[in-house]
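Listing of model.cif; format and content: mmCIF, C-alpha atoms.
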```cif
data_protein
#
loop_
_atom_site.label_atom_id
_atom_site.label_comp_id
_atom_site.auth_asym_id
_atom_site.auth_seq_id
_atom_site.Cartn_x
_atom_site.Cartn_y
_atom_site.Cartn_z
CA MET N 8 -71.70 -80.82 -3.70
CA CYS N 9 -71.47 -77.49 -1.84
CA LEU N 10 -75.20 -77.04 -2.33
CA GLY N 11 -76.72 -74.82 0.36
CA ILE N 12 -80.45 -74.20 0.49
CA PRO N 13 -82.08 -71.45 2.55
CA GLY N 14 -84.80 -72.68 4.88
CA LYS N 15 -86.81 -71.23 7.76
CA VAL N 16 -86.25 -72.61 11.25
CA VAL N 17 -89.64 -73.61 12.65
CA ALA N 18 -88.60 -75.24 15.93
CA THR N 19 -85.45 -76.19 17.80
CA TYR N 20 -84.88 -79.18 20.09
CA SER N 21 -82.14 -81.37 21.50
CA GLU N 22 -81.63 -84.96 20.34
CA ASN N 23 -78.98 -87.03 22.19
CA ASP N 24 -77.39 -83.73 23.30
CA VAL N 25 -77.18 -82.48 19.71
CA LEU N 26 -78.99 -79.22 18.87
CA MET N 27 -81.46 -79.98 16.08
CA GLY N 28 -84.26 -78.09 14.38
CA LYS N 29 -87.22 -78.45 12.08
CA VAL N 30 -86.56 -76.38 8.97
CA ASP N 31 -89.17 -75.44 6.37
CA PHE N 32 -88.03 -75.48 2.74
CA GLY N 33 -90.97 -74.01 0.84
CA GLY N 34 -93.45 -76.24 2.68
CA VAL N 35 -91.24 -79.33 3.05
CA LEU N 36 -90.05 -79.90 6.62
CA GLN N 37 -86.61 -81.42 7.26
CA LYS N 38 -84.63 -82.25 10.38
CA VAL N 39 -81.47 -80.15 10.43
CA CYS N 40 -78.48 -80.07 12.80
CA LEU N 41 -78.14 -76.60 14.36
CA GLU N 42 -74.91 -77.18 16.32
CA TYR N 43 -73.05 -74.58 14.22
CA VAL N 44 -75.70 -71.88 14.68
CA PRO N 45 -76.63 -72.31 18.39
CA GLN N 46 -77.91 -68.71 18.59
CA VAL N 47 -80.60 -69.27 15.91
CA GLN N 48 -84.21 -68.37 16.74
CA ALA N 49 -87.38 -69.85 15.28
CA GLY N 50 -88.43 -67.70 12.31
CA GLU N 51 -84.87 -67.05 11.13
CA TYR N 52 -83.52 -68.46 7.85
CA VAL N 53 -80.45 -70.66 7.72
CA ILE N 54 -78.28 -71.96 4.86
CA VAL N 55 -78.49 -75.76 4.99
CA HIS N 56 -75.89 -78.14 3.56
CA VAL N 57 -76.16 -81.96 3.93
CA GLY N 58 -78.47 -81.62 6.90
CA PHE N 59 -76.44 -78.96 8.72
CA ALA N 60 -77.19 -75.26 9.10
CA LEU N 61 -73.93 -73.47 8.28
CA ASN N 62 -75.03 -69.89 8.90
CA ILE N 63 -77.99 -67.63 9.59
CA VAL N 64 -79.17 -65.58 6.59
CA ASP N 65 -78.64 -61.85 7.15
CA GLU N 66 -81.98 -60.32 6.10
CA ALA N 67 -80.65 -56.78 5.67
CA GLU N 68 -77.77 -57.93 3.47
CA ALA N 69 -80.16 -60.06 1.42
CA GLN N 70 -82.03 -56.88 0.37
CA ARG N 71 -78.88 -55.00 -0.64
CA VAL N 72 -78.66 -56.02 -4.30
CA PHE N 73 -82.31 -55.11 -4.92
CA ASP N 74 -81.83 -51.70 -3.32
CA TYR N 75 -78.73 -51.17 -5.42
CA LEU N 76 -80.45 -52.04 -8.69
CA ARG N 77 -83.44 -49.85 -7.83
CA GLN N 78 -81.04 -46.98 -7.17
CA MET N 79 -79.37 -47.54 -10.53
CA ASP N 80 -82.77 -47.50 -12.25
CA GLN N 81 -83.65 -44.20 -10.55
CA LEU N 82 -80.35 -42.70 -11.68
CA ASP N 83 -81.14 -43.83 -15.21
CA GLU N 84 -84.55 -42.19 -15.07
CA LEU N 85 -82.92 -38.94 -13.99
CA GLY N 86 -80.60 -39.26 -16.95
CA ALA N 87 -77.62 -39.18 -14.65
CA PRO N 88 -74.45 -41.11 -15.52
CA PRO N 89 -73.74 -44.21 -13.39
CA PRO N 90 -71.43 -43.59 -10.38
CA MET M 11 -89.00 -69.99 -2.04
CA LYS M 12 -87.69 -67.01 -0.11
CA TYR M 13 -84.03 -66.14 -0.80
CA ILE M 14 -84.18 -68.15 -4.04
CA ALA M 15 -86.98 -66.90 -6.32
CA GLU M 16 -86.09 -63.22 -5.99
CA TYR M 17 -82.52 -63.95 -7.10
CA ARG M 18 -83.78 -65.50 -10.34
CA GLN M 19 -85.81 -62.55 -11.70
CA ALA M 20 -85.22 -62.09 -15.41
CA SER M 21 -85.50 -58.28 -15.24
CA LEU M 22 -82.69 -58.10 -12.68
CA VAL M 23 -80.58 -60.51 -14.72
CA GLU M 24 -81.00 -58.28 -17.77
CA ARG M 25 -80.15 -55.17 -15.76
CA LEU M 26 -76.94 -56.68 -14.39
CA VAL M 27 -75.88 -57.86 -17.86
CA GLU M 28 -76.36 -54.27 -19.11
CA LEU M 29 -74.21 -52.96 -16.27
CA ILE M 30 -71.47 -55.50 -17.05
CA ARG M 31 -71.64 -54.55 -20.71
CA ALA M 32 -71.23 -50.88 -19.81
CA GLU M 33 -68.16 -51.57 -17.64
CA ALA M 34 -66.19 -53.98 -19.83
CA THR M 35 -63.83 -52.30 -22.28
CA GLN M 36 -61.66 -55.32 -23.06
CA SER M 37 -61.52 -59.14 -22.84
CA TRP M 38 -61.33 -60.79 -19.42
CA THR M 39 -61.02 -64.45 -18.48
CA VAL M 40 -62.69 -65.29 -15.21
CA MET M 41 -62.96 -68.59 -13.36
CA GLU M 42 -65.93 -69.62 -11.25
CA VAL M 43 -64.35 -71.87 -8.66
CA CYS M 44 -67.29 -73.88 -7.44
CA GLY M 45 -69.09 -76.62 -9.36
CA GLY M 46 -72.42 -75.38 -8.03
CA GLN M 47 -71.73 -72.06 -9.75
CA THR M 48 -70.77 -73.85 -12.99
CA HIS M 49 -74.05 -75.74 -12.84
CA ALA M 50 -76.10 -72.55 -12.41
CA ILE M 51 -74.18 -70.68 -15.14
CA VAL M 52 -74.73 -73.45 -17.69
CA ARG M 53 -78.29 -74.17 -16.56
CA TYR M 54 -79.39 -70.54 -16.97
CA GLY M 55 -77.12 -69.89 -19.96
CA LEU M 56 -75.61 -66.89 -18.16
CA ASP M 57 -72.36 -67.17 -20.14
CA HIS M 58 -74.37 -66.68 -23.36
CA LEU M 59 -75.71 -63.36 -22.06
CA LEU M 60 -72.32 -61.81 -21.40
CA PRO M 61 -70.64 -59.35 -23.73
CA GLU M 62 -68.18 -60.93 -26.11
CA GLY M 63 -64.76 -61.09 -24.55
CA ILE M 64 -65.90 -61.96 -21.02
CA GLU M 65 -65.07 -65.65 -20.81
CA LEU M 66 -66.11 -67.85 -17.91
CA VAL M 67 -63.76 -70.75 -17.29
CA HIS M 68 -65.04 -73.60 -15.15
CA GLY M 69 -62.97 -74.40 -12.07
CA PRO M 70 -62.05 -77.57 -10.19
CA GLY M 71 -64.67 -77.03 -7.48
CA CYS M 72 -66.45 -80.36 -7.74
CA PRO M 73 -65.23 -82.60 -4.92
CA VAL M 74 -66.81 -85.68 -6.46
CA CYS M 75 -64.83 -85.00 -9.64
CA VAL M 76 -61.46 -84.49 -7.98
CA THR M 77 -61.56 -87.43 -5.56
CA PRO M 78 -58.50 -89.43 -6.66
CA LEU M 79 -58.90 -92.74 -8.41
CA GLU M 80 -56.84 -94.52 -5.72
CA THR M 81 -59.29 -93.32 -3.05
CA LEU M 82 -62.25 -94.51 -5.12
CA ASP M 83 -60.64 -97.90 -5.64
CA ARG M 84 -60.02 -98.12 -1.88
CA ALA M 85 -63.62 -97.11 -1.18
CA HIS M 86 -64.87 -99.78 -3.57
CA ALA M 87 -62.68 -102.44 -1.97
CA ILE M 88 -63.97 -101.53 1.50
CA ALA M 89 -67.60 -101.32 0.36
CA ALA M 90 -67.36 -104.83 -1.12
CA LEU M 91 -66.41 -106.38 2.27
CA PRO M 92 -69.24 -108.57 3.60
CA ASN M 93 -69.45 -107.01 7.10
CA VAL M 94 -69.36 -103.39 5.90
CA THR M 95 -72.20 -100.88 5.56
CA PHE M 96 -70.74 -98.18 3.32
CA CYS M 97 -72.32 -94.72 3.57
CA SER M 98 -71.94 -92.21 0.74
CA PHE M 99 -73.58 -89.12 -0.71
CA GLY M 100 -75.63 -89.95 -3.79
CA ASP M 101 -73.38 -88.07 -6.25
CA MET M 102 -70.57 -90.51 -5.58
CA LEU M 103 -72.45 -93.67 -6.56
CA ARG M 104 -71.78 -93.66 -10.30
CA VAL M 105 -68.25 -92.24 -10.18
CA PRO M 106 -66.08 -94.81 -11.94
CA GLY M 107 -63.00 -96.22 -10.24
CA SER M 108 -60.55 -98.42 -12.12
CA ARG M 109 -62.86 -101.41 -12.10
CA THR M 110 -66.32 -100.59 -10.82
CA ASP M 111 -68.51 -98.02 -9.05
CA LEU M 112 -70.58 -98.04 -5.86
CA LEU M 113 -73.85 -98.55 -7.71
CA GLN M 114 -72.57 -101.70 -9.43
CA LEU M 115 -71.28 -102.99 -6.10
CA LYS M 116 -74.68 -102.35 -4.54
CA ALA M 117 -76.35 -104.23 -7.40
CA ARG M 118 -74.07 -107.17 -6.65
CA GLY M 119 -75.15 -107.22 -3.02
CA ALA M 120 -72.81 -104.84 -1.22
CA ASP M 121 -74.48 -102.84 1.57
CA VAL M 122 -74.07 -99.33 0.11
CA ARG M 123 -76.30 -96.66 1.65
CA ILE M 124 -77.06 -93.22 0.25
CA ILE M 125 -77.02 -90.77 3.12
CA TYR M 126 -78.48 -87.27 3.31
CA SER M 127 -76.31 -86.19 6.25
CA PRO M 128 -73.13 -87.64 7.82
CA LEU M 129 -75.15 -87.96 11.03
CA ASP M 130 -77.15 -90.72 9.28
CA ALA M 131 -73.98 -92.85 9.29
CA VAL M 132 -73.57 -92.36 13.06
CA LYS M 133 -77.19 -93.44 13.60
CA LEU M 134 -76.64 -96.53 11.43
CA ALA M 135 -73.55 -97.45 13.46
CA ALA M 136 -75.52 -97.17 16.69
CA ALA M 137 -78.42 -99.20 15.28
CA GLN M 138 -76.34 -102.11 13.96
CA PRO M 139 -73.42 -102.73 16.34
CA ASP M 140 -72.49 -106.01 14.64
CA ARG M 141 -71.65 -104.30 11.33
CA GLU M 142 -68.78 -102.00 10.40
CA VAL M 143 -70.24 -98.66 9.27
CA VAL M 144 -67.95 -96.56 7.06
CA LEU M 145 -68.61 -92.90 6.21
CA PHE M 146 -67.14 -91.77 2.88
CA ALA M 147 -66.17 -88.26 4.01
CA ILE M 148 -65.66 -86.20 0.88
CA GLY M 149 -66.25 -82.56 0.01
CA PHE M 150 -64.73 -79.12 0.40
CA GLU M 151 -64.56 -76.96 3.52
CA THR M 152 -68.37 -76.66 3.30
CA THR M 153 -68.80 -80.35 4.08
CA ALA M 154 -65.79 -80.88 6.38
CA PRO M 155 -67.56 -79.58 9.54
CA THR M 156 -70.46 -81.98 8.96
CA SER M 157 -68.06 -84.96 8.81
CA ALA M 158 -66.13 -83.54 11.78
CA LEU M 159 -69.21 -83.47 14.00
CA ALA M 160 -70.26 -86.99 12.93
CA ILE M 161 -66.76 -88.32 13.72
CA GLN M 162 -66.64 -86.54 17.06
CA LEU M 163 -70.09 -87.84 18.06
CA ALA M 164 -69.11 -91.40 17.07
CA GLN M 165 -65.95 -91.19 19.17
CA ARG M 166 -67.77 -89.68 22.16
CA GLY M 167 -70.48 -92.30 21.90
CA GLY M 168 -67.87 -95.10 21.88
CA LEU M 169 -69.13 -96.45 18.55
CA ARG M 170 -66.26 -98.84 17.82
CA ASN M 171 -67.89 -100.05 14.61
CA PHE M 172 -67.82 -96.56 13.03
CA SER M 173 -65.01 -95.30 10.83
CA ALA M 174 -64.48 -92.68 8.12
CA LEU M 175 -62.67 -92.78 4.79
CA VAL M 176 -61.61 -89.14 4.65
CA SER M 177 -60.88 -87.38 1.37
CA HIS M 178 -61.78 -83.76 2.09
CA VAL M 179 -60.16 -81.10 -0.06
CA LEU M 180 -59.40 -77.39 0.37
CA VAL M 181 -60.07 -74.63 -2.14
CA PRO M 182 -57.32 -72.01 -1.54
CA PRO M 183 -54.40 -74.37 -2.35
CA ALA M 184 -56.14 -75.35 -5.61
CA MET M 185 -56.59 -71.68 -6.60
CA THR M 186 -52.93 -71.10 -5.80
CA ALA M 187 -51.95 -74.08 -7.98
CA ILE M 188 -54.01 -72.67 -10.88
CA LEU M 189 -52.40 -69.24 -10.55
CA GLU M 190 -48.89 -70.75 -10.31
CA SER M 191 -49.36 -72.85 -13.43
CA PRO M 192 -47.29 -71.50 -16.37
CA ASP M 193 -50.24 -71.77 -18.77
CA ASN M 194 -52.70 -70.01 -16.44
CA ARG M 195 -55.27 -67.80 -18.21
CA VAL M 196 -57.39 -66.83 -15.22
CA GLN M 197 -57.43 -63.11 -14.42
CA GLY M 198 -60.03 -63.11 -11.67
CA PHE M 199 -62.13 -65.50 -9.60
CA LEU M 200 -65.74 -65.80 -8.55
CA GLY M 201 -64.96 -67.27 -5.12
CA PRO M 202 -66.83 -70.21 -3.56
CA GLY M 203 -69.72 -68.81 -1.51
CA HIS M 204 -70.56 -71.78 0.67
CA VAL M 205 -66.94 -72.73 1.37
CA CYS M 206 -66.56 -69.18 2.70
CA THR M 207 -69.76 -69.48 4.76
CA VAL M 208 -67.68 -71.88 6.87
CA MET M 209 -64.12 -70.59 6.41
CA GLY M 210 -64.58 -66.86 5.82
CA TYR M 211 -62.27 -65.21 3.31
CA THR M 212 -59.07 -64.13 5.05
CA GLU M 213 -57.11 -66.87 3.22
CA TYR M 214 -58.29 -65.40 -0.09
CA GLU M 215 -56.96 -61.94 0.79
CA ALA M 216 -53.44 -63.37 0.82
CA ILE M 217 -53.98 -65.00 -2.60
CA ALA M 218 -55.43 -61.82 -4.16
CA LYS M 219 -52.46 -59.84 -2.88
CA ARG M 220 -49.74 -62.33 -3.81
CA PHE M 221 -50.97 -62.90 -7.37
CA GLN M 222 -52.54 -59.45 -7.90
CA THR M 223 -55.76 -61.25 -8.88
CA PRO M 224 -59.19 -60.05 -7.74
CA ILE M 225 -61.54 -62.51 -6.01
CA VAL M 226 -65.25 -61.89 -5.43
CA ILE M 227 -66.90 -64.29 -3.00
CA THR M 228 -70.12 -65.09 -4.85
CA GLY M 229 -73.43 -66.88 -4.30
CA PHE M 230 -75.17 -69.39 -6.53
CA GLU M 231 -78.27 -67.81 -8.04
CA PRO M 232 -78.27 -65.94 -11.38
CA VAL M 233 -78.46 -62.49 -9.73
CA ASP M 234 -75.64 -63.45 -7.35
CA LEU M 235 -73.40 -64.72 -10.13
CA LEU M 236 -73.92 -61.67 -12.34
CA GLU M 237 -73.49 -59.22 -9.47
CA GLY M 238 -70.28 -61.06 -8.52
CA LEU M 239 -69.13 -60.79 -12.11
CA LEU M 240 -69.98 -57.09 -12.21
CA CYS M 241 -67.82 -56.47 -9.11
CA LEU M 242 -65.01 -58.52 -10.67
CA VAL M 243 -65.12 -56.68 -14.02
CA ARG M 244 -65.06 -53.34 -12.18
CA GLN M 245 -61.97 -54.44 -10.27
CA LEU M 246 -60.25 -55.74 -13.39
CA GLU M 247 -61.03 -52.59 -15.36
CA SER M 248 -59.63 -50.38 -12.59
CA ARG M 249 -56.60 -52.69 -12.03
CA ARG M 250 -57.58 -53.51 -8.47
CA ALA M 251 -56.95 -56.93 -6.91
CA GLU M 252 -59.02 -57.18 -3.74
CA VAL M 253 -61.33 -59.64 -2.07
CA GLU M 254 -64.95 -58.50 -2.23
CA ASN M 255 -67.92 -60.26 -0.70
CA GLN M 256 -70.99 -60.38 -2.95
CA TYR M 257 -72.63 -63.17 -0.88
CA ARG M 258 -72.97 -61.08 2.27
CA ARG M 259 -76.31 -62.56 3.26
CA ALA M 260 -74.51 -65.85 4.03
CA VAL M 261 -70.79 -65.05 4.41
CA GLN M 262 -68.92 -63.10 7.05
CA ARG M 263 -65.18 -62.36 6.84
CA GLU M 264 -64.35 -64.78 9.67
CA GLY M 265 -66.78 -67.48 8.47
CA ASN M 266 -68.41 -69.68 11.10
CA PRO M 267 -65.90 -69.88 14.00
CA ARG M 268 -67.59 -72.86 15.67
CA ALA M 269 -67.51 -74.90 12.47
CA ARG M 270 -63.91 -73.91 11.76
CA GLN M 271 -62.87 -74.89 15.26
CA LEU M 272 -64.32 -78.38 15.05
CA VAL M 273 -62.71 -78.94 11.65
CA GLU M 274 -59.40 -77.90 13.23
CA THR M 275 -59.96 -80.28 16.18
CA VAL M 276 -60.70 -83.36 14.08
CA PHE M 277 -58.64 -82.85 10.89
CA GLU M 278 -55.20 -81.65 9.84
CA ALA M 279 -53.94 -80.50 6.45
CA CYS M 280 -52.09 -82.96 4.22
CA ASP M 281 -50.88 -83.19 0.63
CA ARG M 282 -53.61 -84.57 -1.60
CA ALA M 283 -53.81 -85.86 -5.16
CA TRP M 284 -56.65 -84.29 -7.19
CA ARG M 285 -58.08 -86.45 -9.94
CA GLY M 286 -57.07 -84.99 -13.29
CA VAL M 287 -54.93 -82.30 -11.68
CA GLY M 288 -52.16 -84.03 -9.68
CA THR M 289 -50.87 -83.62 -6.14
CA ILE M 290 -51.35 -80.20 -4.56
CA PRO M 291 -49.41 -79.48 -1.34
CA ARG M 292 -51.51 -79.17 1.84
CA SER M 293 -54.74 -79.26 -0.16
CA GLY M 294 -56.44 -82.07 1.74
CA LEU M 295 -57.70 -82.86 5.23
CA ARG M 296 -56.98 -86.09 7.07
CA LEU M 297 -57.88 -87.28 10.56
CA ARG M 298 -55.63 -86.14 13.38
CA GLU M 299 -53.73 -88.80 15.34
CA SER M 300 -56.23 -88.52 18.23
CA TYR M 301 -58.93 -89.81 15.86
CA ALA M 302 -56.74 -92.48 14.19
CA GLU M 303 -58.87 -95.32 15.59
CA LEU M 304 -61.74 -94.04 13.44
CA ASP M 305 -59.68 -93.98 10.24
CA ALA M 306 -61.09 -96.48 7.73
CA GLU M 307 -57.80 -96.48 5.79
CA ARG M 308 -56.06 -97.93 8.84
CA ARG M 309 -58.90 -100.19 9.92
CA PHE M 310 -59.31 -101.90 6.54
CA LYS M 311 -55.99 -102.82 5.03
CA VAL M 312 -56.61 -102.63 1.32
CA GLU M 313 -53.91 -103.68 -1.11
CA ARG M 314 -52.62 -100.93 -3.34
CA MET M 315 -54.08 -101.40 -6.80
CA ALA M 316 -52.83 -100.09 -10.12
CA SER M 317 -55.26 -97.32 -11.11
CA SER M 318 -55.57 -95.86 -14.57
CA GLU M 319 -57.89 -93.41 -16.35
CA PRO M 320 -59.47 -94.07 -19.76
CA ALA M 321 -57.10 -92.59 -22.36
CA VAL M 322 -59.76 -90.67 -24.30
CA CYS M 323 -61.17 -88.74 -21.29
CA ILE M 324 -60.05 -85.08 -21.01
CA SER M 325 -61.60 -84.44 -17.59
CA GLY M 326 -58.20 -83.34 -16.24
CA SER M 327 -57.99 -80.43 -18.70
CA VAL M 328 -61.66 -79.61 -18.07
CA LEU M 329 -61.01 -79.43 -14.31
CA ARG M 330 -58.01 -77.16 -14.84
CA GLY M 331 -60.12 -74.84 -16.99
CA GLN M 332 -58.01 -75.48 -20.09
CA ARG M 333 -60.67 -77.15 -22.24
CA LYS M 334 -64.46 -77.19 -22.46
CA PRO M 335 -66.45 -80.45 -22.29
CA CYS M 336 -67.66 -80.29 -25.91
CA GLU M 337 -64.01 -80.41 -27.08
CA CYS M 338 -63.85 -84.06 -25.95
CA PRO M 339 -64.36 -86.63 -28.72
CA ALA M 340 -66.18 -88.95 -26.30
CA PHE M 341 -68.58 -86.24 -25.00
CA GLY M 342 -72.19 -87.35 -25.45
CA ARG M 343 -71.08 -90.44 -27.39
CA GLU M 344 -69.18 -93.06 -25.37
CA CYS M 345 -69.37 -90.78 -22.34
CA THR M 346 -72.81 -89.90 -20.92
CA PRO M 347 -74.15 -89.62 -17.34
CA GLU M 348 -75.39 -93.26 -17.64
CA THR M 349 -72.00 -94.55 -18.83
CA PRO M 350 -69.48 -91.93 -17.67
CA LEU M 351 -65.80 -92.23 -18.55
CA GLY M 352 -64.73 -89.41 -16.23
CA ALA M 353 -66.00 -88.05 -12.95
CA THR M 354 -66.88 -84.67 -14.47
CA MET M 355 -69.73 -86.43 -16.33
CA VAL M 356 -71.15 -87.91 -13.12
CA SER M 357 -71.75 -85.28 -10.49
CA SER M 358 -74.45 -82.76 -11.39
CA GLU M 359 -71.77 -80.15 -10.63
CA GLY M 360 -69.24 -81.62 -13.02
CA ALA M 361 -68.79 -79.37 -16.05
CA CYS M 362 -69.35 -82.27 -18.48
CA ALA M 363 -72.63 -83.30 -16.81
CA ALA M 364 -73.86 -79.68 -16.82
CA TYR M 365 -73.07 -79.33 -20.54
CA TYR M 366 -74.72 -82.69 -21.23
CA ALA M 367 -77.89 -81.69 -19.37
CA TYR M 368 -78.28 -78.18 -20.75
CA ARG M 369 -76.10 -77.67 -23.79
CA ARG M 370 -76.30 -80.47 -26.30
CA GLU M 371 -76.82 -79.46 -29.90
CA GLY M 372 -80.21 -77.95 -30.62
CA GLN M 373 -81.03 -77.14 -27.00
CA THR M 374 -81.99 -73.62 -26.14
CA THR M 375 -80.84 -72.24 -22.86
CA LEU M 376 -82.51 -69.42 -21.01
CA GLY M 377 -79.55 -67.22 -21.93
CA GLN M 378 -80.05 -67.88 -25.63
CA ALA M 379 -83.74 -67.23 -25.19
CA PHE M 380 -83.01 -63.84 -23.60
CA ARG M 381 -80.78 -62.87 -26.47
CA ALA M 382 -83.14 -63.97 -29.21
#
```

Please re-express this file's structure in structure tokens.
Amino acid sequence: MCLGIPGKVVATYSENDVLMGKVDFGGVLQKVCLEYVPQVQAGEYVIVHVGFALNIVDEAEAQRVFDYLRQMDQLDELGAPPP
Amino acid sequence: MKYIAEYRQASLVERLVELIRAEATQSWTVMEVCGGQTHAIVRYGLDHLLPEGIELVHGPGCPVCVTPLETLDRAHAIAALPNVTFCSFGDMLRVPGSRTDLLQLKARGADVRIIYSPLDAVKLAAAQPDREVVLFAIGFETTAPTSALAIQLAQRGGLRNFSALVSHVLVPPAMTAILESPDNRVQGFLGPGHVCTVMGYTEYEAIAKRFQTPIVITGFEPVDLLEGLLCLVRQLESRRAEVENQYRRAVQREGNPRARQLVETVFEACDRAWRGVGTIPRSGLRLRESYAELDAERRFKVERMASSEPAVCISGSVLRGQRKPCECPAFGRECTPETPLGATMVSSEGACAAYYAYRREGQTTLGQAFRA
């Protein structure tokens, strides 16, 4: 029920005074309400739940886990114990 | 798809499992709160990859499953009225009430519509002013702001034929109820990522402190779930009880202030019965008095009906994390997704439905495949 899918905002527009956007989910375009992320720019990713964007995806934070695991692998290669 | 595929890489899954294995020195019982997390764990067989002793207990975080029988019976009575267009999310259609479900009512001619977004119900109300359009507003804090905006737009637009049957529920009171229960086994929580996208996690800090129980706000993909679990095991092993945020790409500490504010404007907290669990104080949302004219419960006077659950169904214990679906004698026999006895077999996020889809005898999960 709390399903949230990341999609890329392609365009924003106003419909009956409600901020809406076209969001691309891997090639499928959907209309999404952007009222809760009014600062969003085209090209940014949002988490979408039942037709509403609930937040903008933080690109830097999204990379964090991969950086962390890479670091762990490098430590392993050096034969160092984990921190 | 970006932000999905990279969080499903098998090599990273294996690496995280190794790290968990290296950290865990004893048994720990951990609850994933959200039904979406349960679904992913069972689908990918993540629990089968974990070192022995790390047990994942499935939580009550499936709003479809915990919507009380009385509310379902009321919804069914309203949906059966000849002048009503009843709007519901698809998951709710097969959930059995005492007598029927929305799909059966639709088959008998009731105007039941599956909506993608609550805004669809507002559009329907505007398009057909001669019919009463009712939004079945269910879900956790994730969904509450979407209902709130629909309700506010309907009121602003003067749509007198729009109303909402509100049965939203809140996660923190349910976690508190689990921790207060005398037979509680849960030592740490994977917190509900998308609920916290809206609400942030300050409420969870108070729970972690009061019960000395660590909570890691966690996402929904395999890498998210295992990283969340790694953080949780590290806390448990070092006897810490803090709130950590694994799902930082989508969750900030204060959540989404705009969404929270509209929820606060439209709804207020109330006591709420959870199906299979019982009444939990201040665990629900209802419409504020200023929106009373849009309350379907008041608009459609429905007689109180005697509601009762099938005796054999153990969905209550499953929702409280006390038993697993396969311990039920009816599981996969009398009770299947086509003919469900309990709500946990209906929603794709219900633990019983997830076990039915991915874990019947003879089926191999990805987790088992990894181990082989």

- Message: Here's the selection I'm unsure about, the PyMOL selection byres ((chain M) within 7 of (chain N)); applied to the file above, which residues does it give, as a list in words?
- Response: Met11, Tyr13, Gly46, Cys72, Pro73, Tyr126, Ser127, Gly149, Thr152, Thr156, His204, Thr207, Val208, Arg258, Arg259, Ala260, Asn266, Arg268, Ala269 and Glu359 of chain M

- To one decimal place, how far is CA of Cys323 (chain M) from CA of Thr110 (chain M) in Å? 16.6 Å

- Where does the PyMOL selection byres ((chain M and resi 81-88) around 8) land in this file, that is, which residues does it pick, as an NGL selection string? :M and (77-80 or 89-91 or 94 or 96 or 106-112 or 115 or 146 or 175 or 177 or 310 or 312 or 315 or 317)

- Message: I want to know what sits within 12 Å of Glu62 (chain M), based on only C-alpha atoms, with residues of the same chain fewer than 6 positions away left out; could you give that as a list of chain:residue names?
- Response: M:Val27, M:Ile30, M:Arg31, M:Ala34, M:Thr35, M:Gln36, M:Ser37, M:Trp38, M:Thr39

- Message: Can you spell out as a list of chain:residue names the set of residues that the PyMOL selection byres ((chain M and resi 289) around 12) selects in the structure I just provided?
- Response: M:Val76, M:Thr77, M:Pro78, M:Val179, M:Pro183, M:Ala184, M:Ala187, M:Cys280, M:Asp281, M:Arg282, M:Ala283, M:Trp284, M:Arg285, M:Gly286, M:Val287, M:Gly288, M:Ile290, M:Pro291, M:Arg292, M:Ser293, M:Gly294

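Take CA of Leu235 (chain M) and CA of Ser98 (chain M): the distance between them is 29.6 Å.
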
- Distance in Å - CA of Arg170 (chain M) versus CA of Arg309 (chain M):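 If I compute the distance from CA of Arg170 (chain M) to CA of Arg309 (chain M), I get 10.9 Å.
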
- Message: I'd like the neighbourhood of Asp31 (chain N) as a ChimeraX atom specification, where a residue qualifies if any of its atoms comes within 8 Å (using only C-alpha atoms), though same-chain residues fewer than 4 positions away should be ignored.
- Response: /N:14-17,35-37

- Of the residues M:Val132, M:Cys345, M:Leu297, M:Ala306, which is the one nearest to Val322 (chain M), using only C-alpha atoms?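 For Val322 (chain M), the nearest of the candidates is M:Cys345.
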
- Task: Dump as a count of residues only all residues having an atom at most 10 Å from (-71.4, -96.9, 9.6), computed in the file's coordinates with only C-alpha atoms.
- Result: 30

- Message: Taking (-85.6, -73.0, 18.4) as a centre in this file's frame and 10 Å as the limit, can you find every polymer residue with an atom that close, using all atoms listed in the file, and give them as a ChimeraX atom specification?
- Response: /N:16-21,26-29,41,45-51

Using the structure just given, write a file holding C-alpha atoms for region 352-373 of chain M, as a compact mmCIF listing (two decimals), in the first residue's frame.
```txt
# COMPACT_ATOMS: atom_id res chain seq x y z
CA GLY M 352 -8.48 -13.04 6.12
CA ALA M 353 -7.27 -9.72 4.81
CA THR M 354 -3.60 -10.74 5.06
CA MET M 355 -4.23 -13.13 2.13
CA VAL M 356 -5.67 -10.35 -0.05
CA SER M 357 -3.34 -7.40 -0.29
CA SER M 358 -0.07 -8.12 -2.08
CA GLU M 359 1.56 -6.70 1.06
CA GLY M 360 -0.23 -9.04 3.41
CA ALA M 361 2.18 -11.61 4.85
CA CYS M 362 -0.10 -14.52 3.88
CA ALA M 363 -0.38 -13.36 0.25
CA ALA M 364 3.40 -12.90 0.04
CA TYR M 365 4.01 -16.42 1.39
CA TYR M 366 1.37 -17.81 -0.97
CA ALA M 367 2.96 -16.12 -4.00
CA TYR M 368 6.59 -16.94 -3.25
CA ARG M 369 6.86 -19.63 -0.63
CA ARG M 370 4.59 -22.57 -1.21
CA GLU M 371 6.16 -25.99 -0.94
CA GLY M 372 8.65 -26.77 -3.68
CA GLN M 373 9.17 -23.16 -4.75
```
